[in-house]
Amino acid sequence: MVRHCVICNKERAAVKRPKTGQKVCRECFYYVFETEIHNTIIDNKLFKKNDKVAIAASGGKDSTVLAHVMKLLNERYQYGLEMFLLSIDEGITGYRDDSLETVKRNQQQYELPLKIVSYSELYGWSMDQIVKEVGLKNNCTFCGVFRRQALDRGAVMLDVDHIVTGHNADDIAETVLMNILRGDIARLQRCTEICTTGDGCVRRSKPFKYTYEKEIVMYAYFKKLDYFSTECIYSPNAYRGHARTFLKDLEVIRPSAIIDIIHSGEAFEVKKEVKLPTQGVCKRCGYMSSNELCKACVLLEGLNRGLPKKVHGDMPRDTAIIPHFNRIQVSKGNYDDSNKPIEESKSNNKIDQG
Amino acid sequence: MSLIKVKLSFSGGMELLFNNTKQKHIEISSTINPPNATTMKDLILWIRENLLKERPELFMSGDTVRPGILVLINETDWELEGELEYEIKDGDDIVFISTLHGG
């Protein structure tokens with residue numbers, strides 16, 4: 001029995017869309033996949049014409065598809081974005097060095113400039129060195145905190161207005177669940193936002209917020225995109241792993257569960273009486289922080305205190321202080337009328353520049 | 001009973017469970033469970049018993065593949081082909097892709 005695509009009614013269906021249950025052929029799948037992402041970008045007014053945008057690129061499936069789709073949409077709809085690939089080198093031998101090779105191939109394939117920022121240059125410690133010091137227990141905490149800052153710092157070096165990340169609908173639903181399980185109300189409120197702007201930090205957004213992982217992987221497979229898929233050698237994040245398994249089990253029974261959880265997260269409202277941490281600035285490095293010192297400086301201090309115990313090669317102690325974070329100066333010009341968000345224009349795809 | 005040829009592919013990290021094998025041509029009985037024709041359910045069990053090198057819990061859950069593993073039968077989402085009930089035919093091309101690895 002041949003099932004025809006419900007969109008074109010001509011070709012044989014190749015994918016069952018998890019979000020809608022629609023059976024679609026390859027070409028129609030590409031079309032709806034790309035168009036939904038375009039609509040997400042337009043509906044949320046993510047970019048302005050001439051924005052400089054860094055694509056956070058790990059070489060994995062999500063960021064590889066993101067780079068491909070961003071380049072395609074930028075050309076198809078004339079967003080006028082200037083795009084870069086931004087990669088973080090955590091310093092994990094046998095894992096990140098290999099995935100960075102994928103990013104370097106992506107750079108050639110997509111003809112986008114690439115900037116790599118390493119933990120060693122920023123913090124004076126690579127993940128390999130950190131794991132030697134702290135073992136395999138809290139290493140993911142270090143890596144997560146350091147990566148977030150590293151992306152912002154890389155974006156400042158590139159002088160971009162915006163970072164886009166490959167977080168997909170499954171990732172966001174997982175994060176909603178984790179924040180509920182941990183009772184982290186402040187993060188629960190923030191984690192479903194499609195675009196976040198820390199005080200003085202670079203805007204960060206998730207064009208794949210409503211895009212299912214299954215579709216990203218199918219798209220990469222059909223388009224034969226070149227991506228890297230190996231688990232990090234330093235044990236995966238166990239807590240997230242449980243949330244993920246739970247979510248994947250739910251998805252089998254009810255595919256809309258993922259988008260439903262995101263909607264629940266969006267609908268949460270914290271009572272006004274509830275005191276949430278106020279966002280300030282780290283006294284030591286200038287990065288945004290709700291405490292006197294940001295998480296990265298606290299972690300780094302702990303690492304450096306342990307230093308005398310061991311000799312860390314040729315790394316002088318003073319390199320292990322994070323360089324000061326130069327916040328983005330938001331000039332008024334950024335927000336005047338000549339720089340409207342990119343919106344759909346009916347007549348043609350050209351964007352009025354005023 | 002006759003033998004049928006099937007091409008298997010493992011990607012997205014799945015290959016790590018199979019000694020880094022990305023592709024494998026196999027020949028299996030057309031009726032693993034006589035008199036019934038061999039189905040995807042039989043094939044998945046056959047793969048676990050004959051090819052899987054490590055950590056079966058990362059490949060299977062219950063009598064099917066672990067949630068998060070995508071399966072394509074002749075370049076079509078297996079959800080359109082009856083999943084476990086699909087009857088394997090000679091020359092079939094079956095792909096397993098893990099989505100569980102980092103983005």
# chains A, B, ... in the order shown; residues from 1 in each chain; ligands from 1
>>> closest_atom_pairs(of="chain B", to="chain A", cutoff="10 Å", atoms="only C-alpha atoms", output="JSON lines")
{"residue": "B:Ser11", "atom": "CA", "partner": "A:Ser229", "partner_atom": "CA", "distance": 8.2}
{"residue": "B:Gly12", "atom": "CA", "partner": "A:Ser229", "partner_atom": "CA", "distance": 5.3}
{"residue": "B:Gly13", "atom": "CA", "partner": "A:Ser229", "partner_atom": "CA", "distance": 5.3}
{"residue": "B:Met14", "atom": "CA", "partner": "A:Ser229", "partner_atom": "CA", "distance": 9.0}
{"residue": "B:Glu15", "atom": "CA", "partner": "A:Thr230", "partner_atom": "CA", "distance": 9.7}
{"residue": "B:Leu16", "atom": "CA", "partner": "A:Thr230", "partner_atom": "CA", "distance": 8.3}
{"residue": "B:Ser61", "atom": "CA", "partner": "A:Asp249", "partner_atom": "CA", "distance": 9.9}
{"residue": "B:Arg66", "atom": "CA", "partner": "A:Asp249", "partner_atom": "CA", "distance": 8.7}
{"residue": "B:Pro67", "atom": "CA", "partner": "A:Lys248", "partner_atom": "CA", "distance": 5.5}
{"residue": "B:Gly68", "atom": "CA", "partner": "A:Lys248", "partner_atom": "CA", "distance": 6.0}
{"residue": "B:Ile69", "atom": "CA", "partner": "A:Lys214", "partner_atom": "CA", "distance": 8.9}
{"residue": "B:Leu70", "atom": "CA", "partner": "A:Lys214", "partner_atom": "CA", "distance": 7.4}
{"residue": "B:Val71", "atom": "CA", "partner": "A:Met218", "partner_atom": "CA", "distance": 9.9}
{"residue": "B:Leu72", "atom": "CA", "partner": "A:Ala14", "partner_atom": "CA", "distance": 8.9}
{"residue": "B:Ile73", "atom": "CA", "partner": "A:Ala14", "partner_atom": "CA", "distance": 9.6}
{"residue": "B:Asn74", "atom": "CA", "partner": "A:Ala14", "partner_atom": "CA", "distance": 9.4}
{"residue": "B:Glu75", "atom": "CA", "partner": "A:Ala14", "partner_atom": "CA", "distance": 7.0}
{"residue": "B:Thr76", "atom": "CA", "partner": "A:Ala14", "partner_atom": "CA", "distance": 4.5}
{"residue": "B:Asp77", "atom": "CA", "partner": "A:Val15", "partner_atom": "CA", "distance": 5.0}
{"residue": "B:Trp78", "atom": "CA", "partner": "A:Val15", "partner_atom": "CA", "distance": 8.4}
{"residue": "B:Glu79", "atom": "CA", "partner": "A:Lys16", "partner_atom": "CA", "distance": 6.5}
{"residue": "B:Leu80", "atom": "CA", "partner": "A:Lys16", "partner_atom": "CA", "distance": 6.6}
{"residue": "B:Glu81", "atom": "CA", "partner": "A:Met1", "partner_atom": "CA", "distance": 9.2}
{"residue": "B:Ile97", "atom": "CA", "partner": "A:Val217", "partner_atom": "CA", "distance": 8.1}
{"residue": "B:Ser98", "atom": "CA", "partner": "A:Val217", "partner_atom": "CA", "distance": 8.7}
{"residue": "B:Thr99", "atom": "CA", "partner": "A:Val217", "partner_atom": "CA", "distance": 6.8}
{"residue": "B:Leu100", "atom": "CA", "partner": "A:Glu231", "partner_atom": "CA", "distance": 8.7}
{"residue": "B:His101", "atom": "CA", "partner": "A:Glu231", "partner_atom": "CA", "distance": 5.7}
{"residue": "B:Gly102", "atom": "CA", "partner": "A:Gly60", "partner_atom": "CA", "distance": 6.2}
{"residue": "B:Gly103", "atom": "CA", "partner": "A:Gly60", "partner_atom": "CA", "distance": 4.4}
>>> residues_around(residues="Phe18 (chain B)", least_positions_apart="4", cutoff="7 Å", atoms="only C-alpha atoms", output="PDB file with N, CA and C atoms, in the first residue's frame")
ATOM      1  N   LEU B  51      24.480  -9.408  16.320  1.00  0.00           N
ATOM      2  CA  LEU B  51      25.404  -8.339  15.929  1.00  0.00           C
ATOM      3  C   LEU B  51      25.803  -7.423  17.085  1.00  0.00           C
ATOM      4  N   LEU B  52      24.904  -7.214  18.020  1.00  0.00           N
ATOM      5  CA  LEU B  52      25.134  -6.224  19.065  1.00  0.00           C
ATOM      6  C   LEU B  52      26.345  -6.607  19.906  1.00  0.00           C
ATOM      7  N   LYS B  53      27.228  -5.623  20.092  1.00  0.00           N
ATOM      8  CA  LYS B  53      28.446  -5.924  20.821  1.00  0.00           C
ATOM      9  C   LYS B  53      28.366  -5.514  22.288  1.00  0.00           C
TER      10      LYS B  53
END
>>> residues_around(residues="Asp42 (chain B)", least_positions_apart="4", cutoff="9 Å", atoms="only C-alpha atoms", output="ChimeraX atom specification")
/B:32-33,38,46-47,84
>>> write_last_selection(atoms="C-alpha atoms", output="JSON list (two decimals), in the first residue's frame")
[["chain", "number", "residue", "atom", "x", "y", "z"],
["B", 32, "ILE", "CA", 12.48, -16.82, 11.57],
["B", 33, "ASN", "CA", 9.32, -17.84, 13.40],
["B", 38, "THR", "CA", 10.08, -12.49, 9.29],
["B", 46, "TRP", "CA", 18.11, -11.15, 15.55],
["B", 47, "ILE", "CA", 20.35, -8.05, 15.50],
["B", 84, "LEU", "CA", 7.39, -4.00, 14.30]]
>>> residues_around(residues="Thr39 (chain B)", least_positions_apart="3", cutoff="10 Å", atoms="only C-alpha atoms", output="JSON, numbers by chain")
{"B": [30, 31, 32, 33, 36, 42, 43, 44, 82, 83, 84, 85, 86, 87, 88, 89]}
>>> write_last_selection(atoms="N, CA and C atoms", output="PDB file, in the first residue's frame")
ATOM      1  N   SER B  30      13.620 -16.215   5.807  1.00  0.00           N
ATOM      2  CA  SER B  30      12.390 -15.467   5.506  1.00  0.00           C
ATOM      3  C   SER B  30      11.287 -15.797   6.514  1.00  0.00           C
ATOM      4  N   THR B  31      11.511 -16.832   7.294  1.00  0.00           N
ATOM      5  CA  THR B  31      10.545 -17.167   8.351  1.00  0.00           C
ATOM      6  C   THR B  31      11.309 -17.559   9.609  1.00  0.00           C
ATOM      7  N   ILE B  32      11.743 -16.552  10.335  1.00  0.00           N
ATOM      8  CA  ILE B  32      12.477 -16.824  11.573  1.00  0.00           C
ATOM      9  C   ILE B  32      11.567 -17.576  12.558  1.00  0.00           C
ATOM     10  N   ASN B  33      10.301 -17.168  12.560  1.00  0.00           N
ATOM     11  CA  ASN B  33       9.315 -17.836  13.399  1.00  0.00           C
ATOM     12  C   ASN B  33       8.272 -18.523  12.528  1.00  0.00           C
ATOM     13  N   ASN B  36       5.220 -17.899  10.203  1.00  0.00           N
ATOM     14  CA  ASN B  36       5.063 -16.470   9.880  1.00  0.00           C
ATOM     15  C   ASN B  36       6.275 -15.903   9.151  1.00  0.00           C
ATOM     16  N   ASP B  42      11.200  -9.542  14.601  1.00  0.00           N
ATOM     17  CA  ASP B  42      12.158 -10.650  14.560  1.00  0.00           C
ATOM     18  C   ASP B  42      13.560 -10.142  14.235  1.00  0.00           C
ATOM     19  N   LEU B  43      13.615  -9.204  13.292  1.00  0.00           N
ATOM     20  CA  LEU B  43      14.918  -8.700  12.850  1.00  0.00           C
ATOM     21  C   LEU B  43      15.642  -7.989  13.994  1.00  0.00           C
ATOM     22  N   ILE B  44      14.899  -7.181  14.756  1.00  0.00           N
ATOM     23  CA  ILE B  44      15.530  -6.440  15.859  1.00  0.00           C
ATOM     24  C   ILE B  44      16.107  -7.426  16.887  1.00  0.00           C
ATOM     25  N   GLY B  82       4.371   0.328   9.399  1.00  0.00           N
ATOM     26  CA  GLY B  82       3.841  -0.680  10.325  1.00  0.00           C
ATOM     27  C   GLY B  82       4.801  -1.058  11.444  1.00  0.00           C
ATOM     28  N   GLU B  83       5.937  -0.363  11.533  1.00  0.00           N
ATOM     29  CA  GLU B  83       6.920  -0.601  12.595  1.00  0.00           C
ATOM     30  C   GLU B  83       7.236  -2.078  12.791  1.00  0.00           C
ATOM     31  N   LEU B  84       6.977  -2.623  13.997  1.00  0.00           N
ATOM     32  CA  LEU B  84       7.386  -3.999  14.301  1.00  0.00           C
ATOM     33  C   LEU B  84       6.713  -5.040  13.409  1.00  0.00           C
ATOM     34  N   GLU B  85       5.534  -4.697  12.896  1.00  0.00           N
ATOM     35  CA  GLU B  85       4.765  -5.666  12.114  1.00  0.00           C
ATOM     36  C   GLU B  85       5.257  -5.788  10.673  1.00  0.00           C
ATOM     37  N   TYR B  86       6.085  -4.861  10.242  1.00  0.00           N
ATOM     38  CA  TYR B  86       6.528  -4.855   8.842  1.00  0.00           C
ATOM     39  C   TYR B  86       7.205  -6.175   8.479  1.00  0.00           C
ATOM     40  N   GLU B  87       6.826  -6.744   7.352  1.00  0.00           N
ATOM     41  CA  GLU B  87       7.426  -8.001   6.898  1.00  0.00           C
ATOM     42  C   GLU B  87       8.633  -7.723   6.011  1.00  0.00           C
ATOM     43  N   ILE B  88       9.767  -8.256   6.423  1.00  0.00           N
ATOM     44  CA  ILE B  88      11.030  -7.998   5.718  1.00  0.00           C
ATOM     45  C   ILE B  88      11.011  -8.672   4.348  1.00  0.00           C
ATOM     46  N   LYS B  89      11.469  -7.916   3.352  1.00  0.00           N
ATOM     47  CA  LYS B  89      11.535  -8.464   1.994  1.00  0.00           C
ATOM     48  C   LYS B  89      12.983  -8.530   1.528  1.00  0.00           C
TER      49      LYS B  89
END
>>> atom_distance(atom1="CA of Ile233 (chain A)", atom2="CA of Cys143 (chain A)")
12.7 Å
>>> residues_around(residues="Arg147 (chain A)", least_positions_apart="6", cutoff="10 Å", atoms="only C-alpha atoms", output="ChimeraX atom specification")
/A:87-90,117-119,141,153,296
